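K.L.:
Starting off with a structure, shown below.
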Amino acid sequence: MEIELIYVAAVVLLVGASILGSKIRIAAPLLLVVVGIGLGYLPFVPLIDIDPEIILVGVLPPLLYAAAVNVPISDFRRNFRPVIGLSVVLVILSAVVVGYAVHWLIPAIPLPAAIALGAVISPTDAVAATSIGKRLGMPERVVSILEGESLVNDATSLVLLKTAVAAVAGSFSIATASGAFFASVTIAVVVGLVIGLATVWVRSHLTNPVHDTMISFIVPFVAFAPAEALNASGVLAVVVTGLYTGHHASRRFSASARINERLNWRTVQFILENGVFLLMGLQLHSLVEQVGESELKLEHIGLLALALVAILILCRSAYMAPLLAGMRGVARRYERRQAGYEQLNRRVQRSGMAESDDGRIRKRLRQLDIRTRRSAADLDHEREQQLGWRDGVVLSWSGMRGVVTLAAAQSIPTEVPYRPQLVLAAFAVAVATLLLHGLTLPAFIRRLWPDGAGPATGAGFGGRKAELAALTRDLFEAADDAIADAVAELGPEPDAEGGDPERPDTTRIAAERARSSARNALLPIMVEAAPTAPVQLPGKETPGQQYQRLTRLALDAQRETLLEERAIGRYSSRALRTAELALDAYETRITPQDGH
């Protein structure tokens with residue numbers, strides 16, 4: 001009975017903190033950490049000590065998968081350089097600097113163990129930062145970079161932690177460690193792609209939503225387990241699988257499957273993210289008790305934690321200058337690529353290939369056209385959303401630590417001197433960064449962008465409205481063209497010269513209804529795009545069947561146009577997703593249910 005009451009109380013706390021946080025404009029994770037610390041010191045609450053394996057194996061894979069499936073590949077591709085820089089280079093540099101600083105301050109702690117502590121506290125957790133940023137109008141590109149960083153840096157941290165722990169046992173060399181690191185990353189990427197390809201293929205052939213949901217829930221663990229068995233990064237394999245699945249969901253899954261998955265994983269993500277932050281607060285009392293009356297007292301740990309927070313802030317701030325400087329050449333690289341595509345297109349036009357009736361040639365020309373337009377869109381995106389000093393300030397001040405720090409700290413071997421103190425120091429760093437950055441980040445954003453992020457980010461209401469209007473016009477035109485082509489295949493109207501007298505006049509009415517329906521599909525702008533089954537042209541149709549066929553043709557055309565625009569990248573991922581959500585919602589309304 002007590003367990004049930006604890007579960008109920010936990011759910012009430014999670015939901016209550018989320019509601020309260022939205023009202024008082026404080027991110028729910030910050031509230032939950034504070035609430036957890038307070039509850040942990042109540043006399044009737046026992047000491048809480050969570051096995052780190054529960055977090056690393058049971059919580060981290062589904063949490064990262066839920067985040068990865070929602071990351072647009074176009075955003076990840078465009079921000080690949082800053083994401084890799086922050087999640088790989090900065091994590092390694094921070095871990096080494098922290099390691100040498102801790103070893104210098106406390107010589108009794110071996111350097112490899114100190115670097116292990118650095119690996120634990122180096123990765124950031126973007127949950128609180130992005131929730132604050134989205135609410136206050138942080139530039140969309142900064143939000144995308146933070147989300148991408150938090151996906152990849154966990155893998156870097158855990159691989160580096162394994163290497164440092166191995167060094168504590170004495171088996172360490174720079175060459176061996178570097179080789180093991182790159183092998184772990186390579187194997188993880190391969191495993192993630194293979195699992196993503198296999199699970200997407202399986203799920204695309206399922207028709208029962210219950211079966212699809214069950215498969216969806218085990219995908220993160222299916223990706224995690226084999227990678228870990230091969231001594232690779234399981235969390236990186238999960239991220240790769242999630243990115244692959246999210247990218248191909250629009251083309252391979254049904255609308256109902258995506259809607260179910262979206263709602264299910266949003267619920268799982270909410271419970272896991274907020275539950276871990278609550279556990280962070282609850283564990284403080286237990287960690288303090290473990291320290292006891294050793295030589296390294298609580299006040300010393302507090303000073304060490306403050307020093308580590310300062311080092312992490314300095315490392316992250318110092319890294320922003322070369323990161324931003326390196327991004328200045330990206331636009332020139334896009335310009336050269338765009339010039340190359342334009343030159344190639346001119347050669348194609350002069351060669352006469354564009355007039356060819358060969359299907360393979362026309363397909364290749366279409367791919368060339370998409371790549372040319374994507375290159376132009378990438379160039380426009382880089383020019384309009386080029387990272388400046390304001391973005392650098394926000395990125396440097398968004399270094400909250402979270403779930404990985406909490407779990408990985410307890411993986412430090414028990415034979416390491418002052419292990420309880422190091423674990424408590426890592427916990428204190430996580431809590432301090434959450435509260436320091438989380439409570440002050442809104443002031444930074446308001447000061448840097450007093451009037452909002454501005455039109456360059458597309459965050460403003462006017463810019464977003466215009467972008468959605470332009471995308472909607474493209475989808476309307478695609479639907480109209482598809483309906484017009486389908487009607488033309490049936491021949492002229494009955495009252496036209498040469499018309500078929502047996503053909504019912506309802507074709508024109510059905511076409512108009514289908515056009516109206518195609519427009520209505522985008523009115524609620526709420527769900528995500530996906531292909532429908534190919535429509536077979538029937539011999540004779542009832543008016544209702546004709547209307548349904550034309551409606552589906554229009555929906556197919558809108559989807560294909562949307563997928564093409566996603567590949568090109570001319571519109572923002574937010575606008576594309578808004579239109580996709582609308583088409584999914586509409587498909588579920590016009591698709592007959594199978595009764596399951």
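Lettering and numbering for the structure tokens are positional, with chains as A, B, ... in the shown order, residues counted from 1 in each chain, and ligands counted from 1 in the shown order.
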If you run DSSP on this backbone, which residues of segment 17-124 of chain A come out as alpha helix (DSSP H), and could you give them as a PyMOL selection string?
P.N.:
chain A and resi 17-24+28-40+52-53+60-68+73-78+80-84+90-105+111-121
K.L.:
Within 9 Å of segment 86-96 of chain A, counting only C-alpha atoms, which residues qualify if same-chain residues fewer than 3 places away don't, as a ChimeraX atom specification?
P.N.:
/A:81-83,99-101,114-124,145-146,148-157,160,311-312,315-316,319,323
K.L.:
Suppose we keep C-alpha atoms; can you now write the selection as a JSON list (two decimals), in the first residue's frame?
P.N.:
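Result saved to selection-v9.json:
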[["chain", "number", "residue", "atom", "x", "y", "z"],
["A", 81, "ARG", "CA", 29.87, 21.75, -36.57],
["A", 82, "PRO", "CA", 28.78, 23.59, -33.37],
["A", 83, "VAL", "CA", 27.00, 20.48, -32.06],
["A", 99, "GLY", "CA", 40.83, 16.57, -13.85],
["A", 100, "TYR", "CA", 44.11, 18.47, -13.55],
["A", 101, "ALA", "CA", 42.48, 21.09, -11.31],
["A", 114, "ALA", "CA", 40.02, 13.24, -11.27],
["A", 115, "ILE", "CA", 39.54, 13.13, -15.05],
["A", 116, "ALA", "CA", 36.73, 10.63, -14.47],
["A", 117, "LEU", "CA", 35.06, 13.25, -12.29],
["A", 118, "GLY", "CA", 35.60, 15.78, -15.07],
["A", 119, "ALA", "CA", 33.94, 13.42, -17.55],
["A", 120, "VAL", "CA", 30.99, 13.11, -15.18],
["A", 121, "ILE", "CA", 30.32, 16.83, -14.81],
["A", 122, "SER", "CA", 31.20, 17.97, -18.36],
["A", 123, "PRO", "CA", 28.04, 17.00, -20.34],
["A", 124, "THR", "CA", 25.15, 19.44, -20.25],
["A", 145, "ILE", "CA", 22.24, 23.54, -31.07],
["A", 146, "LEU", "CA", 21.49, 22.95, -27.38],
["A", 148, "GLY", "CA", 21.75, 18.46, -30.51],
["A", 149, "GLU", "CA", 24.54, 18.98, -27.97],
["A", 150, "SER", "CA", 22.61, 17.27, -25.18],
["A", 151, "LEU", "CA", 21.97, 14.25, -27.44],
["A", 152, "VAL", "CA", 25.62, 13.59, -28.32],
["A", 153, "ASN", "CA", 27.57, 14.79, -25.27],
["A", 154, "ASP", "CA", 26.19, 12.01, -23.06],
["A", 155, "ALA", "CA", 27.88, 9.45, -25.27],
["A", 156, "THR", "CA", 31.17, 11.38, -25.20],
["A", 157, "SER", "CA", 31.00, 11.64, -21.42],
["A", 160, "LEU", "CA", 35.48, 9.09, -21.63],
["A", 311, "ILE", "CA", 36.02, 26.17, -14.20],
["A", 312, "LEU", "CA", 33.17, 24.76, -16.30],
["A", 315, "CYS", "CA", 35.92, 26.58, -20.24],
["A", 316, "ARG", "CA", 32.57, 26.92, -21.98],
["A", 319, "TYR", "CA", 35.42, 27.85, -26.21],
["A", 323, "LEU", "CA", 33.54, 28.20, -32.19]]
K.L.:
With a distance cut-off of 9 Å and only C-alpha atoms, select the neighbouring residues of Asp391 of chain A, excluding the residue or stretch itself and same-chain residues fewer than 3 positions from it, and output the selection as a ChimeraX atom specification.
P.N.:
/A:138-139,141-142,387-388,394-396,448
K.L.:
Output N, CA and C atoms of each residue in that selection to a file, as a compact mmCIF listing (two decimals), in the first residue's frame.
P.N.:
# COMPACT_ATOMS: atom_id res chain seq x y z
N MET A 138 14.09 32.46 -27.27
CA MET A 138 15.49 32.24 -27.64
C MET A 138 15.55 31.90 -29.13
N PRO A 139 16.57 32.38 -29.84
CA PRO A 139 16.67 32.06 -31.28
C PRO A 139 16.56 30.57 -31.54
N ARG A 141 17.85 28.69 -33.74
CA ARG A 141 19.10 27.98 -34.02
C ARG A 141 19.83 27.65 -32.72
N VAL A 142 19.79 28.53 -31.75
CA VAL A 142 20.43 28.26 -30.46
C VAL A 142 19.74 27.09 -29.77
N LEU A 387 25.43 32.86 -36.38
CA LEU A 387 25.66 32.97 -34.95
C LEU A 387 26.47 34.22 -34.64
N GLY A 388 25.98 35.03 -33.71
CA GLY A 388 26.68 36.24 -33.29
C GLY A 388 27.07 36.17 -31.83
N VAL A 394 24.49 33.31 -24.79
CA VAL A 394 23.43 32.41 -24.32
C VAL A 394 23.91 30.97 -24.31
N LEU A 395 24.64 30.56 -25.34
CA LEU A 395 25.17 29.19 -25.38
C LEU A 395 26.13 28.94 -24.22
N SER A 396 26.95 29.92 -23.91
CA SER A 396 27.91 29.73 -22.82
C SER A 396 27.23 29.71 -21.47
N LEU A 448 19.52 40.49 -23.71
CA LEU A 448 20.15 40.40 -25.03
C LEU A 448 19.16 40.67 -26.15
K.L.:
Show me a table, sorted first by chain and then by increasing residue number, of the residues of segment 305-347 of chain A having an atom at most 7 Å from segment 360-376 of chain A, each with its shortest atom pair and the distance in Å to one decimal, counting only C-alpha atoms and written as a Markdown table.
P.N.:
| residue | atom | partner | partner_atom | distance |
| --- | --- | --- | --- | --- |
| A:Tyr334 | CA | A:Ser375 | CA | 6.9 |
| A:Gln338 | CA | A:Ser375 | CA | 5.7 |
| A:Tyr341 | CA | A:Thr372 | CA | 5.7 |
K.L.:
Please, could you write that set of residues out with N, CA and C atoms as a compact mmCIF listing (two decimals), in the first residue's frame?
P.N.:
# COMPACT_ATOMS: atom_id res chain seq x y z
N TYR A 334 29.08 27.52 -48.35
CA TYR A 334 27.77 27.35 -48.99
C TYR A 334 27.70 28.09 -50.31
N GLN A 338 26.86 26.41 -53.82
CA GLN A 338 25.73 26.87 -54.62
C GLN A 338 26.18 27.26 -56.02
N TYR A 341 26.59 24.10 -58.05
CA TYR A 341 25.31 23.53 -58.50
C TYR A 341 24.71 24.35 -59.64
K.L.:
Using only C-alpha atoms, which residues of segment 14-104 of chain A come within 7 Å of segment 230-241 of chain A, and what is the closest atom pair for each, with the distance in Å to one decimal? Give it as a tab-separated table, sorted by chain and residue number.
P.N.:
residue	atom	partner	partner_atom	distance
A:Pro61	CA	A:Val235	CA	6.1
A:Leu64	CA	A:Val239	CA	6.2
A:Tyr65	CA	A:Val239	CA	5.8
A:Ala68	CA	A:Val239	CA	5.7
K.L.:
Which residue out of A:Ile6, A:Ala126, A:Ala554, A:Leu406 has the minimum interatomic distance to Gly281 of chain A when only C-alpha atoms are used?
P.N.:
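Smallest separation from Gly281 of chain A among the options: A:Leu406.
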K.L.:
Closest to Ala408 of chain A among A:Ala426, A:Ile73, A:Leu550, A:Ala249, using only C-alpha atoms?
P.N.:
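Among A:Ala426, A:Ile73, A:Leu550, A:Ala249, it is A:Ala426 that comes nearest to Ala408 of chain A.
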K.L.:
Env of Glu335 of chain A: 12 Å cut, atoms = only C-alpha atoms, seq-sep filter 5 positions within chain, self excluded. Answer as a PDB file with C-alpha atoms, in the first residue's frame.
P.N.:
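Ended up saving to around_1.pdb:
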ATOM      1  CA  GLY A 329      33.511  30.564 -43.059  1.00  0.00           C
ATOM      2  CA  VAL A 330      30.425  28.388 -43.382  1.00  0.00           C
ATOM      3  CA  GLY A 340      28.911  24.732 -58.361  1.00  0.00           C
ATOM      4  CA  TYR A 341      25.309  23.532 -58.495  1.00  0.00           C
ATOM      5  CA  GLU A 342      24.271  26.500 -60.633  1.00  0.00           C
ATOM      6  CA  THR A 372      20.343  22.803 -55.796  1.00  0.00           C
ATOM      7  CA  SER A 375      21.972  24.341 -51.170  1.00  0.00           C
ATOM      8  CA  ALA A 376      20.300  27.704 -51.735  1.00  0.00           C
ATOM      9  CA  ALA A 377      18.144  27.221 -48.633  1.00  0.00           C
ATOM     10  CA  ASP A 378      21.218  26.330 -46.559  1.00  0.00           C
ATOM     11  CA  LEU A 379      22.915  29.508 -47.744  1.00  0.00           C
ATOM     12  CA  ASP A 380      19.855  31.631 -46.880  1.00  0.00           C
ATOM     13  CA  HIS A 381      19.612  29.977 -43.472  1.00  0.00           C
ATOM     14  CA  GLU A 382      23.274  30.663 -42.702  1.00  0.00           C
ATOM     15  CA  ARG A 383      23.003  34.290 -43.772  1.00  0.00           C
TER      16      ARG A 383
END
